[in-house]
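Peer 1: Once you've had a glance at the structure underneath, I'll fire off some questions.
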Amino acid sequence: MPDFLLEIGLEEVPARMIDAAETSLGFRIAKLLVDGRLDPGNAKMEEYSTPRRLAVLVRGVAASQPDSEEQVVGPSLKVSFKDGQPTQAAQAFAKKVGLPVEKLEKVATPKGEYLAVKVVNRGRAAGEVLADAVPKEIAALYWPKSMYWRSKNERFVRPLRWLVALLDDSAIPMELFGMPAQAGTRGHRILGGSATIPRASAYEETLREVKVIVSRGEREQRIRKALDAATRTVAGARWREDPELLDTVVNLTEWPAAILGNFDREFLDLPEEVLVTVMRDHQKYFAVQDASGKLAPHFLAVLNTEGDPAGIIRHGNERVLRARFNDACFFWQTDQKHPLRNRVPDLKKVTFQKDLGSYFDKSMRVQKLASLISQSLDDAGVKVRSGIVHKAALLAKTDLTTELVKEFTELQGIVGGLYARAQRLDPNMKDDQREAIATAIYDQYKPQSMEDSVPRTVEGAVLSVADKADSIAGMFALGLQPTGSKDPFALRRQANGIVKTIAEHKLPLSLRHLCSDALTGYTGSEAEKAFTAAGLDEALAGFFRERLEHYLRDVLGLEYDTVNAVLAAGFDDVVDAVARAQAVGKVRDLQDFLSIAAAFKRINNIFKQAQEKGFKTAADFDDSIATEEEKLLHAKAELLAPRFDAARESRDYADALIQLSTLRESVDNFFDKVMVMVDDDRVRANRLALLENLLRSFSTIADFSEIVTEGKGS
């Protein structure tokens with residue numbers, strides 16, 4: 001079986017887009033092979049990418065499609081023959097399939113008998129199938145941003161420069177954006193030249209000869225080893241792990257190397273956050289730390305070349321970094337002349353969103369919402385220093401007016417926290433109060449992803465939740481909620497942050513009340529008229545339910561049916577929902593619990609059937625007309641209910657669920673001996689009342705009918 005190679009050569013693609021494109025291309029080619037009947041079942045796919053290419057190598061594709069047989073149905077016998085002779089319709093069908101009328105079959109169908117013939121479709125050669133389908137798959141790749149580069153009908157991330165399509169050693173005759181496929185490729189822009197790939201399986205070794213490592217994983221290992229080697233020249237030093245930066249430099253290079261540079265120790269007087277941000281976000285340098293973990297006056301740069309034996313590149317990078325650090329020092333010193341507390345009025349000149357006002361307006365709303373959250377938490381017994389929250393909310397956005405943040409926007413929030421600490425704010429405050437305000441401001445944007453940590457203090461958590469909730473409510477009020485894959489205001493990320501913060505700080509907050517309070521902050525604004533839009537509160541609630549589902553499934557790793565069952569019983573209290581989900585996750589594979597879950601699913605189906613038929617349920621269960629099995633189940637349920645409720649009230653959900661599982665024998669016995677949907681209206685209504693009581697009493701932790709029980713034990 002031949003190997004198939006596809007390489008798309010481009011101008012440099014932005015690093016942030018490469019990983020998703022590599023995965024997407026691999027998925028599309030794999031699906032094409034299956035749909036095109038070219039995957040024999042054991043084909044192996046390898047995906048490659050560099051800044052200038054995307055490639056897929058599939059080892060062992062079918063040389064051609066297998067032949068297929070299909071039955072072609074023609075006219076009915078009624079219109080095919082008249083007086084025993086074939087009509088024009090029968091003759092036309094016979095001519096179409098290339099057979100005489102007498103060779104046609106007669107087949108019975110639900111509509112009667114028809115003429116038919118079995119036709120063998122010869123499979124097409126793999127090269128022919130791929131030539132037709134592959135260009136369409138490439139053109140359909142999704143890119144966050146595309147460009148026109150030949151005509152307005154042709155959009156792609158960057159201009160196409162070459163195209164390779166091989167089936168073993170034969171070029172596939174295909175064309176993409178006017179570029180014909182061939183066996184010729186290009187190597188490293190500086191170190192390599194052009195090359196001809198002799199056969200698909202020789203792809204990696206051919207590119208290596210022209211100084212390109214096409215394997216992303218191999219480039220990462222090469223970079224790691226280069227960083228280690230460069231760092232070893234400084235005694236006791238090590239480079240700081242930075243997965244995001246590592247991903248970036250992997251996607252910026254084809255033949256990577258690393259160099260160690262230095263900067264003046266005097267710059268270490270600046271906060272580490274500033275220095276690391278300048279190195280990381282602006283120069284793509286790795287920070288170096290000493291044996292104690294403190295920042296050292298060195299940096300590591302990853303090059304896309306052999307090395308820097310003469311030190312020219314190192315000197316150039318040191319000069320650029322020195323200028324950047326000097327700028328940071330100047331901005332830091334300049335900003336101190338205008339303290340944060342004096343910058344609050346300046347926020348009126350900084351627009352948050354054109355219909356939602358300035359950052360001053362936002363600060364006022366967040367301050368009010370944070371106070372409401374603090375009061376709610378205080379009422380629930382959670383101690384929050386409301387004065388700290390109030391002051392932090394007022395100053396939280398003031399760093400947007402600083403020169404340092406204007407130059408290094410990645411530092412917003414962090415700079416506010418650093419300045420609050422350096423300026424000591426109100427001299428009448430105690431040190432721990434000033435530190436608490438600085439910490440809350442510093443952490444206000446946390447968590448920025450599900451991998452990021454939540455704010456360190458409860459005051460920081462309140463500020464973070466209030467800030468994010470205000471943004472989400474305002475955007476929803478304007479109809480700017482996320483749609484599909486589009487989320488220009490990062491509302492999903494902010495809602496994820498709210499859910500994670502509430503869950504990990506165990507804040508007893510109502511999501512519905514949070515949304516409602518956030519919406520009221522816009523009273524009198526341009527967005528107010530949108531508040532009356534039908535279902536706005538429900539839309540917000542549904543949005544947060546999605547984010548909680550994401551947290552339970554993708555962060556905590558709970559089964560999808562466990563999550564569905566728990567959220568069906570309520571999602572307003574995040575902490576409670578998490579506790580219920582974790583409890584269900586612990587007991588869900590116990591046989592007694594699975595039996596109860598199956599019974600609840602059966603009960604739900606019975607009620608659906610009763611509703612469809614218009615059957616009524618009795619107001620109360622009457623044991624005078626009940627069988628022994630009904631009486632026993634009712635008695636056991638009545639006895640269990642107080643213990644179940646006590647465990648649930650104390651949030652010992654695992655114990656409550658284990659106690660519920662003790663009903664298994666009575667429930668199984670009931671369904672073995674009792675028919676619910678009998679003809680007697682009174683008896684049926686009474687039995688429905690018994691089952692309704694079970695649902696009402698024991699479905700408060702989760703809707704157990706959502707639990708998948710098929711194939712889970714006997």
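We label chains A, B, ... in the order they appear in the structure tokens, count residues from 1 in each chain, and number ligands from 1 in the order shown.
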What are the closest atom pairs, with distances in Å to one decimal, for each residue of range 255-363 of chain A lying within 10 Å of range 473-497 of chain A, using only C-alpha atoms, rows by chain and rising residue number, as JSON lines?
Peer 2:
```
{"residue": "A:Gln353", "atom": "CA", "partner": "A:Met475", "partner_atom": "CA", "distance": 9.0}
{"residue": "A:Asp355", "atom": "CA", "partner": "A:Leu478", "partner_atom": "CA", "distance": 8.1}
{"residue": "A:Leu356", "atom": "CA", "partner": "A:Gly474", "partner_atom": "CA", "distance": 6.9}
{"residue": "A:Lys362", "atom": "CA", "partner": "A:Gly474", "partner_atom": "CA", "distance": 9.9}
```
Peer 1: Find the residues near Gly413 in chain A: any atom within 12 Å, counting only C-alpha atoms, skip ones fewer than 2 places away on the same chain, and give them as a ChimeraX atom specification.
Peer 2: /A:273-274,392-393,395-402,404-405,408-411,415-420,437-446,448,460,463-464,467
Peer 1: At a cut-off of 9 Å, using only C-alpha atoms, what residues contact range 38-53 of chain A? Leave out same-chain residues fewer than 2 positions from it and give the result as a ChimeraX atom specification.
Peer 2: /A:3,7-15,18-19,21-23,25-26,30,32-36,55-66,126,129,212-216,250-254
Peer 1: Work out how far CA of Val164 in chain A is from CA of Leu5 in chain A, in Å to one decimal.
Peer 2: 7.3 Å
Peer 1: Can you tell me how far CA of Glu665 in chain A sits from CA of Val566 in chain A, in Å to one decimal?
Peer 2: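 Between these atoms lies a distance of 24.2 Å.
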